[in-house]
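J.: Sending over my_file.txt (compact mmCIF, C-alpha atoms and all ligand atoms).
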```
# COMPACT_ATOMS: atom_id res chain seq x y z
CA VAL A 120 53.44 181.02 -30.94
CA ALA A 121 51.50 182.57 -28.07
CA GLY A 122 52.27 182.08 -24.41
CA LEU A 123 54.77 183.06 -21.79
CA ASN A 124 58.53 182.96 -21.84
CA ARG A 125 60.10 182.37 -18.43
CA ARG A 126 63.55 183.93 -18.19
CA TRP A 127 66.35 184.88 -15.81
CA THR A 128 67.35 188.53 -16.07
CA VAL A 129 70.13 190.46 -14.38
CA VAL A 130 69.02 192.76 -11.56
CA SER A 131 72.41 193.92 -10.30
CA HIS A 132 76.12 193.35 -10.92
CA PRO A 133 77.48 190.78 -8.43
CA VAL A 134 80.06 191.86 -5.90
CA GLY A 135 82.31 188.82 -5.47
CA MET A 136 80.47 185.52 -5.97
CA PRO A 137 77.11 185.89 -7.75
CA ALA A 138 74.09 185.58 -5.42
CA PRO A 139 70.47 184.63 -6.27
CA SER A 140 69.51 188.26 -5.51
CA ASN A 141 71.52 189.38 -8.58
CA PHE A 142 68.88 187.72 -10.78
CA SER A 143 65.14 187.86 -11.31
CA PHE A 144 62.95 185.04 -12.67
CA ASP A 145 60.08 186.57 -14.65
CA ALA A 146 57.67 185.68 -17.46
CA MET A 147 57.13 187.80 -20.57
CA PRO A 148 55.15 187.12 -23.76
CA ILE A 149 57.03 184.87 -26.19
CA PRO A 150 58.85 187.27 -28.56
CA LYS A 151 57.60 187.79 -32.14
CA LEU A 152 59.51 186.77 -35.21
CA GLY A 153 61.02 189.29 -37.67
CA ARG A 154 62.51 188.78 -41.16
CA ASP A 155 65.02 185.97 -41.55
CA GLU A 156 64.72 185.05 -37.89
CA VAL A 157 64.03 181.87 -35.97
CA LEU A 158 62.07 181.29 -32.77
CA LEU A 159 63.81 178.59 -30.75
CA LYS A 160 62.34 176.68 -27.84
CA LEU A 161 65.51 176.27 -25.82
CA LEU A 162 66.26 172.72 -24.67
CA TYR A 163 69.80 172.96 -23.24
CA ILE A 164 71.58 176.07 -22.00
CA SER A 165 75.34 176.20 -21.61
CA ILE A 166 76.57 177.28 -18.17
CA ASP A 167 79.98 178.93 -18.40
CA PRO A 168 82.24 180.90 -16.05
CA GLY A 169 82.23 183.63 -18.73
CA GLN A 170 78.61 184.38 -17.75
CA ARG A 171 80.04 185.89 -14.56
CA VAL A 172 82.00 188.31 -16.75
CA TYR A 173 78.99 189.21 -18.88
CA ILE A 174 77.00 190.28 -15.81
CA SER A 175 79.88 192.18 -14.22
CA GLU A 176 80.38 195.90 -13.93
CA LEU A 177 83.25 195.54 -16.43
CA VAL A 178 80.76 194.94 -19.23
CA GLY A 179 78.62 197.93 -18.26
CA PRO A 180 74.95 198.67 -17.68
CA ASP A 181 73.58 196.92 -20.80
CA ALA A 182 73.38 193.58 -19.00
CA ILE A 183 70.92 194.92 -16.42
CA GLY A 184 67.29 194.04 -17.17
CA ALA A 185 68.23 191.67 -20.00
CA PRO A 186 68.25 187.85 -19.96
CA VAL A 187 71.59 186.46 -18.78
CA LYS A 188 73.79 185.89 -21.82
CA ALA A 189 74.09 182.19 -22.73
CA TRP A 190 74.72 179.81 -25.59
CA ALA A 191 71.96 177.24 -26.12
CA VAL A 192 70.57 174.47 -28.30
CA GLY A 193 66.88 174.58 -29.15
CA ARG A 194 64.11 173.27 -31.38
CA VAL A 195 62.80 175.53 -34.14
CA VAL A 196 59.15 176.35 -33.42
CA GLU A 197 58.72 179.20 -35.93
CA SER A 198 60.94 180.32 -38.77
CA SER A 199 61.06 182.99 -41.46
CA SER A 200 64.32 181.55 -42.80
CA PRO A 201 64.46 178.87 -45.51
CA ARG A 202 67.55 177.43 -43.78
CA PHE A 203 65.67 176.39 -40.63
CA ALA A 204 62.62 174.13 -40.83
CA VAL A 205 60.15 173.95 -37.96
CA GLY A 206 61.02 170.90 -35.85
CA SER A 207 64.74 170.97 -36.64
CA TYR A 208 67.42 171.83 -34.06
CA ALA A 209 69.81 174.78 -33.97
CA ARG A 210 72.54 176.32 -31.82
CA ASP A 211 73.40 179.98 -31.60
CA ASN A 212 76.92 181.11 -32.46
CA LEU A 213 77.34 184.19 -30.30
CA GLY A 214 75.63 183.52 -26.96
CA GLU A 215 72.48 185.45 -27.81
CA ALA A 216 70.05 182.70 -26.79
CA GLY A 217 70.03 183.76 -23.13
CA VAL A 218 68.83 181.96 -20.01
CA GLN A 219 65.17 181.68 -21.00
CA GLU A 220 62.66 179.23 -22.48
CA TYR A 221 62.27 180.87 -25.92
CA SER A 222 64.58 183.07 -27.96
CA VAL A 223 64.30 184.84 -31.33
CA ILE A 224 67.66 184.80 -33.12
CA GLY A 225 68.73 186.03 -36.57
CA ALA A 226 69.26 183.06 -38.93
CA LYS A 227 72.76 184.32 -39.74
CA ASP A 228 73.79 183.74 -36.11
CA LEU A 229 72.42 180.18 -35.90
CA VAL A 230 73.76 176.83 -37.03
CA PRO A 231 71.70 173.72 -37.64
CA VAL A 232 72.61 170.83 -35.34
CA ASP A 233 71.48 167.23 -35.08
CA PRO A 234 71.18 164.80 -32.18
CA ASP A 235 74.36 163.04 -33.32
CA PRO A 236 76.29 162.33 -31.13
CA SER A 237 73.89 164.20 -28.76
CA LEU A 238 72.27 167.63 -28.59
CA THR A 239 74.33 168.48 -25.51
CA ALA A 240 77.62 167.82 -27.38
CA HIS A 241 76.86 170.95 -29.42
CA LEU A 242 77.38 172.99 -26.25
CA GLY A 243 80.63 171.28 -25.27
CA LEU A 244 82.80 169.19 -27.56
CA LEU A 245 81.26 170.60 -30.74
CA GLY A 246 80.15 173.93 -29.28
CA MET A 247 81.66 177.13 -27.97
CA PRO A 248 84.14 175.49 -25.52
CA GLY A 249 85.36 173.04 -28.16
CA LEU A 250 85.75 175.81 -30.71
CA THR A 251 87.63 177.93 -28.16
CA ALA A 252 90.07 175.09 -27.58
CA TYR A 253 90.38 174.48 -31.33
CA PHE A 254 91.16 178.06 -32.38
CA GLY A 255 93.27 178.76 -29.30
CA MET A 256 95.44 175.70 -29.81
CA ILE A 257 95.69 175.70 -33.60
CA ASP A 258 95.41 179.32 -34.75
CA ILE A 259 96.66 181.28 -31.72
CA ALA A 260 99.27 178.91 -30.23
CA GLY A 261 100.10 177.30 -33.58
CA VAL A 262 101.12 173.99 -32.01
CA ALA A 263 103.56 171.77 -33.91
CA PRO A 264 104.32 168.04 -33.51
CA GLY A 265 106.79 167.24 -30.76
CA GLU A 266 106.08 170.37 -28.73
CA THR A 267 105.33 170.36 -25.00
CA VAL A 268 101.96 171.98 -24.29
CA VAL A 269 100.69 172.89 -20.81
CA VAL A 270 96.99 173.62 -20.22
CA SER A 271 95.62 175.22 -17.03
CA GLY A 272 92.07 174.61 -15.77
CA ALA A 273 92.59 171.34 -17.60
CA SER A 274 89.61 169.44 -16.22
CA GLY A 275 87.19 172.17 -17.36
CA ALA A 276 85.12 172.37 -20.54
CA VAL A 277 87.74 174.22 -22.61
CA GLY A 278 90.91 172.85 -21.01
CA SER A 279 89.89 169.20 -21.36
CA ILE A 280 89.46 169.64 -25.12
CA ALA A 281 92.52 171.86 -25.53
CA GLY A 282 94.77 169.09 -24.18
CA GLN A 283 93.20 166.45 -26.41
CA ILE A 284 93.66 168.64 -29.50
CA ALA A 285 97.32 169.16 -28.58
CA ARG A 286 97.70 165.36 -28.46
CA ILE A 287 95.95 164.95 -31.81
CA LYS A 288 98.42 167.47 -33.25
CA GLY A 289 101.34 165.32 -32.08
CA CYS A 290 102.26 167.30 -28.96
CA ARG A 291 102.94 166.18 -25.43
CA ALA A 292 100.02 167.50 -23.35
CA VAL A 293 100.38 168.23 -19.63
CA GLY A 294 97.34 169.46 -17.69
CA ILE A 295 97.40 171.66 -14.60
CA THR A 296 94.59 170.73 -12.22
CA ARG A 297 93.66 170.56 -8.55
CA GLY A 298 93.19 167.24 -6.80
CA PRO A 299 93.98 163.57 -7.51
CA GLU A 300 90.56 162.68 -8.97
CA LYS A 301 90.90 165.36 -11.65
CA ALA A 302 94.53 164.41 -12.33
CA ARG A 303 93.39 160.83 -12.99
CA TYR A 304 90.53 162.07 -15.23
CA LEU A 305 93.05 163.97 -17.38
CA VAL A 306 95.41 161.06 -17.88
CA ASP A 307 93.12 158.00 -17.75
CA GLU A 308 89.97 159.30 -19.49
CA LEU A 309 91.15 162.17 -21.67
CA GLY A 310 94.57 160.82 -22.63
CA PHE A 311 96.76 163.72 -21.40
CA ASP A 312 100.38 162.58 -21.16
CA ASP A 313 100.71 163.87 -17.63
CA ALA A 314 99.06 166.06 -15.00
CA ILE A 315 100.37 168.57 -12.47
CA ASP A 316 98.23 168.52 -9.32
CA LEU A 317 98.61 171.98 -7.81
CA LEU A 318 97.32 170.75 -4.46
CA GLU A 319 99.95 168.04 -4.33
CA CYS A 320 103.12 169.86 -5.38
CA GLY A 321 102.50 173.46 -6.52
CA LEU A 322 103.22 174.73 -10.01
CA ALA A 323 106.98 175.42 -9.97
CA ALA A 324 107.84 171.97 -8.60
CA GLY A 325 105.31 170.32 -10.92
CA LEU A 326 106.80 172.01 -13.98
CA ALA A 327 110.33 171.12 -12.95
CA GLU A 328 109.33 167.47 -12.59
CA LYS A 329 106.89 167.03 -15.50
CA CYS A 330 108.38 169.42 -18.07
CA PRO A 331 112.12 169.43 -17.33
CA GLU A 332 113.03 170.66 -20.84
CA GLY A 333 110.63 173.63 -20.65
CA VAL A 334 107.29 174.46 -22.26
CA ASP A 335 106.61 175.46 -25.88
CA VAL A 336 102.95 176.42 -25.45
CA TYR A 337 100.93 177.46 -22.40
CA PHE A 338 97.14 177.48 -22.92
CA ASP A 339 95.95 179.68 -20.04
CA ASN A 340 92.37 179.39 -18.77
CA VAL A 341 93.08 180.50 -15.22
CA ALA A 342 95.46 183.54 -15.20
CA GLY A 343 96.54 185.12 -11.91
CA PRO A 344 99.87 184.50 -10.17
CA MET A 345 100.49 181.15 -11.93
CA LEU A 346 101.66 183.08 -14.97
CA ASP A 347 104.83 184.15 -13.12
CA ASP A 348 105.92 180.54 -12.69
CA MET A 349 104.97 179.71 -16.27
CA LEU A 350 107.00 182.59 -17.73
CA GLY A 351 110.10 181.27 -15.97
CA HIS A 352 109.56 177.87 -17.50
CA MET A 353 108.85 178.66 -21.16
CA LYS A 354 111.24 177.69 -23.95
CA ARG A 355 112.70 180.39 -26.19
CA GLY A 356 110.08 181.36 -28.79
CA GLY A 357 107.27 179.89 -26.68
CA ARG A 358 103.65 180.98 -27.08
CA ILE A 359 101.02 181.68 -24.45
CA ALA A 360 97.40 181.54 -25.65
CA PHE A 361 95.49 183.66 -23.13
CA CYS A 362 92.01 182.14 -23.15
CA GLY A 363 90.51 183.09 -19.79
CA ALA A 364 91.08 184.24 -16.22
CA VAL A 365 88.71 182.08 -14.23
CA SER A 366 90.68 182.51 -10.98
CA GLN A 367 89.93 186.24 -11.10
CA TYR A 368 86.25 186.50 -12.07
CA ASN A 369 84.83 186.70 -8.53
CA ASP A 370 87.48 189.04 -7.11
CA ASN A 371 86.53 192.61 -6.41
CA ALA A 372 90.10 193.87 -6.38
CA PRO A 373 91.89 194.45 -9.70
CA PRO A 374 93.87 191.36 -10.78
CA PRO A 375 97.43 191.23 -9.44
CA GLY A 376 100.15 192.16 -11.91
CA ILE A 377 102.83 189.78 -13.15
CA THR A 378 106.34 190.37 -11.92
CA ASN A 379 108.29 187.98 -14.14
CA TYR A 380 107.42 189.78 -17.39
CA PHE A 381 111.07 190.37 -18.28
CA GLN A 382 111.11 186.71 -19.34
CA ILE A 383 108.81 187.63 -22.23
CA LEU A 384 111.69 189.61 -23.68
CA MET A 385 114.53 187.29 -22.63
CA ARG A 386 112.84 184.20 -24.02
CA GLU A 387 111.21 185.97 -27.00
CA LEU A 388 107.74 184.82 -25.96
CA ARG A 389 104.39 185.70 -27.52
CA TRP A 390 101.43 186.24 -25.16
CA GLN A 391 98.22 186.56 -27.14
CA GLY A 392 94.62 186.90 -25.96
CA PHE A 393 91.78 185.78 -28.20
CA TYR A 394 88.00 185.64 -28.36
CA VAL A 395 86.32 182.64 -29.95
CA GLY A 396 83.52 184.74 -31.51
CA SER A 397 86.06 186.41 -33.78
CA HIS A 398 86.51 183.07 -35.55
CA ALA A 399 82.79 182.55 -36.26
CA GLY A 400 83.43 182.58 -40.03
CA GLN A 401 85.48 179.38 -39.63
CA PHE A 402 83.23 177.57 -37.13
CA ALA A 403 81.64 175.23 -39.70
CA ALA A 404 84.97 173.86 -40.96
CA ALA A 405 86.27 173.46 -37.40
CA VAL A 406 83.14 171.57 -36.31
CA ASP A 407 83.46 169.21 -39.31
CA GLN A 408 87.01 168.41 -38.22
CA MET A 409 86.10 167.99 -34.57
CA ARG A 410 83.17 165.75 -35.49
CA GLU A 411 85.62 163.36 -37.16
CA TRP A 412 87.74 163.31 -34.02
CA VAL A 413 84.67 162.68 -31.83
CA ALA A 414 83.50 159.85 -34.12
CA ALA A 415 86.96 158.29 -33.94
CA GLY A 416 86.86 158.46 -30.12
CA ARG A 417 89.81 160.88 -30.06
CA LEU A 418 87.86 163.69 -28.35
CA VAL A 419 85.76 162.93 -25.28
CA GLN A 420 84.33 164.95 -22.41
CA ARG A 421 82.22 164.40 -19.30
CA GLU A 422 79.02 166.44 -18.99
CA GLU A 423 76.99 167.40 -15.94
CA VAL A 424 73.36 168.21 -16.75
CA THR A 425 71.14 169.97 -14.20
CA VAL A 426 67.41 169.82 -14.93
CA GLY A 427 65.04 172.80 -14.55
CA ILE A 428 65.48 176.41 -15.61
CA GLU A 429 64.42 177.47 -12.08
CA ARG A 430 67.79 176.17 -10.90
CA PHE A 431 69.91 178.59 -12.95
CA PRO A 432 71.47 180.71 -10.14
CA GLN A 433 72.65 177.66 -8.18
CA THR A 434 73.94 176.03 -11.36
CA LEU A 435 76.01 179.11 -12.21
CA LEU A 436 77.46 179.05 -8.70
CA ASP A 437 78.35 175.37 -9.17
CA VAL A 438 80.68 176.36 -12.01
CA PHE A 439 82.93 177.92 -9.39
CA ASN A 440 83.17 174.98 -7.02
CA ASP A 441 86.09 172.61 -7.17
CA ARG A 442 84.29 169.38 -8.05
CA LEU A 443 85.16 167.40 -11.19
CA ARG A 444 82.26 168.34 -13.47
CA GLY A 445 83.27 168.41 -17.12
CA LYS A 446 80.92 170.57 -19.19
CA MET A 447 78.05 172.15 -17.20
CA ILE A 448 74.67 172.24 -18.92
CA LEU A 449 71.21 173.33 -17.79
CA GLN A 450 68.35 171.30 -19.29
CA VAL A 451 65.47 173.75 -19.51
CA SER A 452 62.66 171.34 -18.52
CA PRO A 453 62.35 167.64 -17.70
CA GLY A 454 60.22 166.95 -20.80
CA GLU A 455 61.24 166.95 -24.46
CA VAL A 456 64.90 166.01 -24.87
CA ARG A 457 67.03 164.03 -27.28
N1 LIG B 501 88.57 183.43 -25.00
C1 LIG B 501 87.39 182.92 -25.28
O1 LIG B 501 86.80 183.16 -26.32
C2 LIG B 501 86.76 182.00 -24.29
C3 LIG B 501 85.66 181.19 -24.63
C4 LIG B 501 85.16 180.30 -23.68
C5 LIG B 501 85.72 180.24 -22.40
N2 LIG B 501 86.76 181.08 -22.11
C6 LIG B 501 87.41 181.03 -20.80
O2 LIG B 501 88.08 179.79 -20.70
C7 LIG B 501 88.21 179.45 -19.32
C8 LIG B 501 87.72 178.02 -19.11
O3 LIG B 501 86.32 177.97 -19.38
P1 LIG B 501 85.54 176.60 -19.19
O4 LIG B 501 84.29 176.71 -19.94
O5 LIG B 501 86.47 175.47 -19.43
O6 LIG B 501 85.22 176.65 -17.62
P2 LIG B 501 85.02 175.46 -16.60
O7 LIG B 501 84.44 174.27 -17.26
O8 LIG B 501 84.37 176.02 -15.40
O9 LIG B 501 86.53 175.08 -16.23
C9 LIG B 501 87.39 175.99 -15.63
C10 LIG B 501 88.45 175.21 -14.88
O10 LIG B 501 89.40 176.12 -14.34
C11 LIG B 501 89.86 175.65 -13.08
N3 LIG B 501 89.58 176.68 -12.07
C12 LIG B 501 88.38 177.19 -11.74
N4 LIG B 501 88.50 178.12 -10.79
C13 LIG B 501 89.82 178.20 -10.51
C14 LIG B 501 90.58 178.97 -9.60
N5 LIG B 501 90.00 179.86 -8.76
N6 LIG B 501 91.93 178.79 -9.59
C15 LIG B 501 92.52 177.90 -10.41
N7 LIG B 501 91.82 177.12 -11.28
C16 LIG B 501 90.50 177.29 -11.33
C17 LIG B 501 89.13 174.35 -12.80
O11 LIG B 501 89.92 173.31 -13.33
P3 LIG B 501 90.88 172.42 -12.41
O12 LIG B 501 90.10 172.10 -11.19
O13 LIG B 501 91.23 171.29 -13.29
O14 LIG B 501 92.06 173.28 -12.06
C18 LIG B 501 87.91 174.45 -13.68
O15 LIG B 501 87.42 173.18 -14.05
C19 LIG B 501 87.42 180.48 -18.55
O16 LIG B 501 88.32 181.45 -18.08
C20 LIG B 501 86.49 181.06 -19.59
O17 LIG B 501 86.08 182.36 -19.26
C21 LIG B 501 87.28 181.93 -23.01
```
Here is the file; what I need is its structure written in the form of structure tokens.

T.:
Amino acid sequence: VAGLNRRWTVVSHPVGMPAPSNFSFDAMPIPKLGRDEVLLKLLYISIDPGQRVYISELVGPDAIGAPVKAWAVGRVVESSSPRFAVGSYARDNLGEAGVQEYSVIGAKDLVPVDPDPSLTAHLGLLGMPGLTAYFGMIDIAGVAPGETVVVSGASGAVGSIAGQIARIKGCRAVGITRGPEKARYLVDELGFDDAIDLLECGLAAGLAEKCPEGVDVYFDNVAGPMLDDMLGHMKRGGRIAFCGAVSQYNDNAPPPGITNYFQILMRELRWQGFYVGSHAGQFAAAVDQMREWVAAGRLVQREEVTVGIERFPQTLLDVFNDRLRGKMILQVSPGEVR
């Protein structure tokens, strides 16, 4: 395929909140295909707070000059792999697609997807956020029926699914969120058992009221000072699945330390970080399972789709505002969609 590939590359590491000047919108020739590779015309690009981490100084100089890292769903326009026919749809497994119109990806790092229930679902419910919730809740936290599970950042793409999986596994799911609209979303639309609205009562009071017997599992998307309150409220033998630190990504100062860490010893807690990509070998089986739950109406999620690749910088900034959004997705162009 000949033509130009418009793409957003990283010009500089952001200091604090990302700014449009951290990115450049350029056009390069559409990349050529190698052996066992696929050229995708990207249709939907996942917008995630983790993109702020991938362009940060923490990750190092490799990000500079390259397209912004992103997961995406696209249509196969050229293929040297028998697994991917031209015209079919695929999603990348490791975030290599990038914020651009076309991307060449090794067939081994792609999965075929179909428009059922929708192409965008493969970036949320059945995509990287859903898989993060699945492996965090089942493999890392090892939830068991009857346990009390607390999820922070609960209205977000990962948290909303994490709570629903805890419910499916027979647990009592309590979401931590900010604001009454999001608290209602958790309980009324997603089926959480309860919500703690940090803006209404703060975490310590919320935990005392909503989880009086203590917490077996804390699924942490937010990190920061909230962990101190959580540690003081865990049951003996409790587990903390450390998924993300979204409250810290735009801070220049090093994250504050925890002071209540003695509770980890006293209560014999396990605090384990994890990265979803390390479970890629089990993605297919997990997606099959999650598909059944979606079809049965047991897993749902709101999506917010912004149209036009030109709007990438503003869309990334939107991830950090406090609105109820569900999964954020950038539709590359107004045309061709399913
Ligand atoms: N470990 C992995 O492999 C992996 C993979 C994917 C994502 N992650 C991480 O998982 C976390 C959630 O990702 P996501 O895709 O669900 O993001 P998201 O859709 O943007 O949701 C994040 C949620 O966190 C809450 N939040 C945001 N900023 C906050 C702040 N300053 N203080 C307190 N709460 C804040 C908000 O929920 P409320 O308004 O409801 O509080 C927001 O909806 C992120 O930290 C991400 O980096 C990790």

J.: Would you work out the distance separating atom CA of Val341 of chain A from atom CA of Gly376 of chain A, expressed in Å to one decimal?

T.: 14.0 Å

J.: Any idea what's packed within 12 Å of Ala204 of chain A, counting all atoms listed in the file, ignoring anything in its chain fewer than 4 positions away? Could you give it as a ChimeraX atom specification?

T.: /A:156-159,194-200,208-209,226,231-232

J.: Rounded to one decimal place, report the atom CA of Val424 of chain A-atom CA of Lys446 of chain A distance in Å.

T.: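 Atom-to-atom, atom CA of Val424 of chain A and atom CA of Lys446 of chain A are spaced 8.3 Å apart.
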
J.: Record the distance separating atom CA of Ala415 of chain A and atom CA of Ile280 of chain A, expressed in Å with one decimal.

T.: 14.6 Å

J.: Which polymer residues, whether protein, DNA or RNA, lie within 12 Å of the coordinate (94.1, 171.4, -10.7) when you count only C-alpha atoms? List them as a VMD selection string, using the chain letters and numbers from the file.

T.: chain A and resid 270 to 275 278 to 279 293 to 305 314 to 322 325 340 to 341 345 366 441 to 443

J.: Which one of A:Val223, A:Ile259, A:Val120, A:Ile448 sits closest to His241 of chain A if you count all atoms listed in the file?

T.: A:Ile448

J.: Which is closest to Gly356 of chain A among A:Glu266, A:Glu220, A:Glu328, A:Asp312, if we use all atoms listed in the file?

T.: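 Of A:Glu266, A:Glu220, A:Glu328, A:Asp312, the one nearest Gly356 of chain A is A:Glu266, counting all atoms listed in the file.
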
J.: Restricting the calculation to only C-alpha atoms and all ligand atoms, which member of A:Lys329, A:Arg126, A:Arg171, A:Arg291 is positioned closest to ligand LIG 501 (chain B)?

T.: A:Arg171

J.: Which of these, A:Asp437, A:Asp167, A:Asp228, A:Asp370, has the shortest distance to ligand LIG 501 (chain B) once you count only C-alpha atoms and all ligand atoms?

T.: A:Asp167
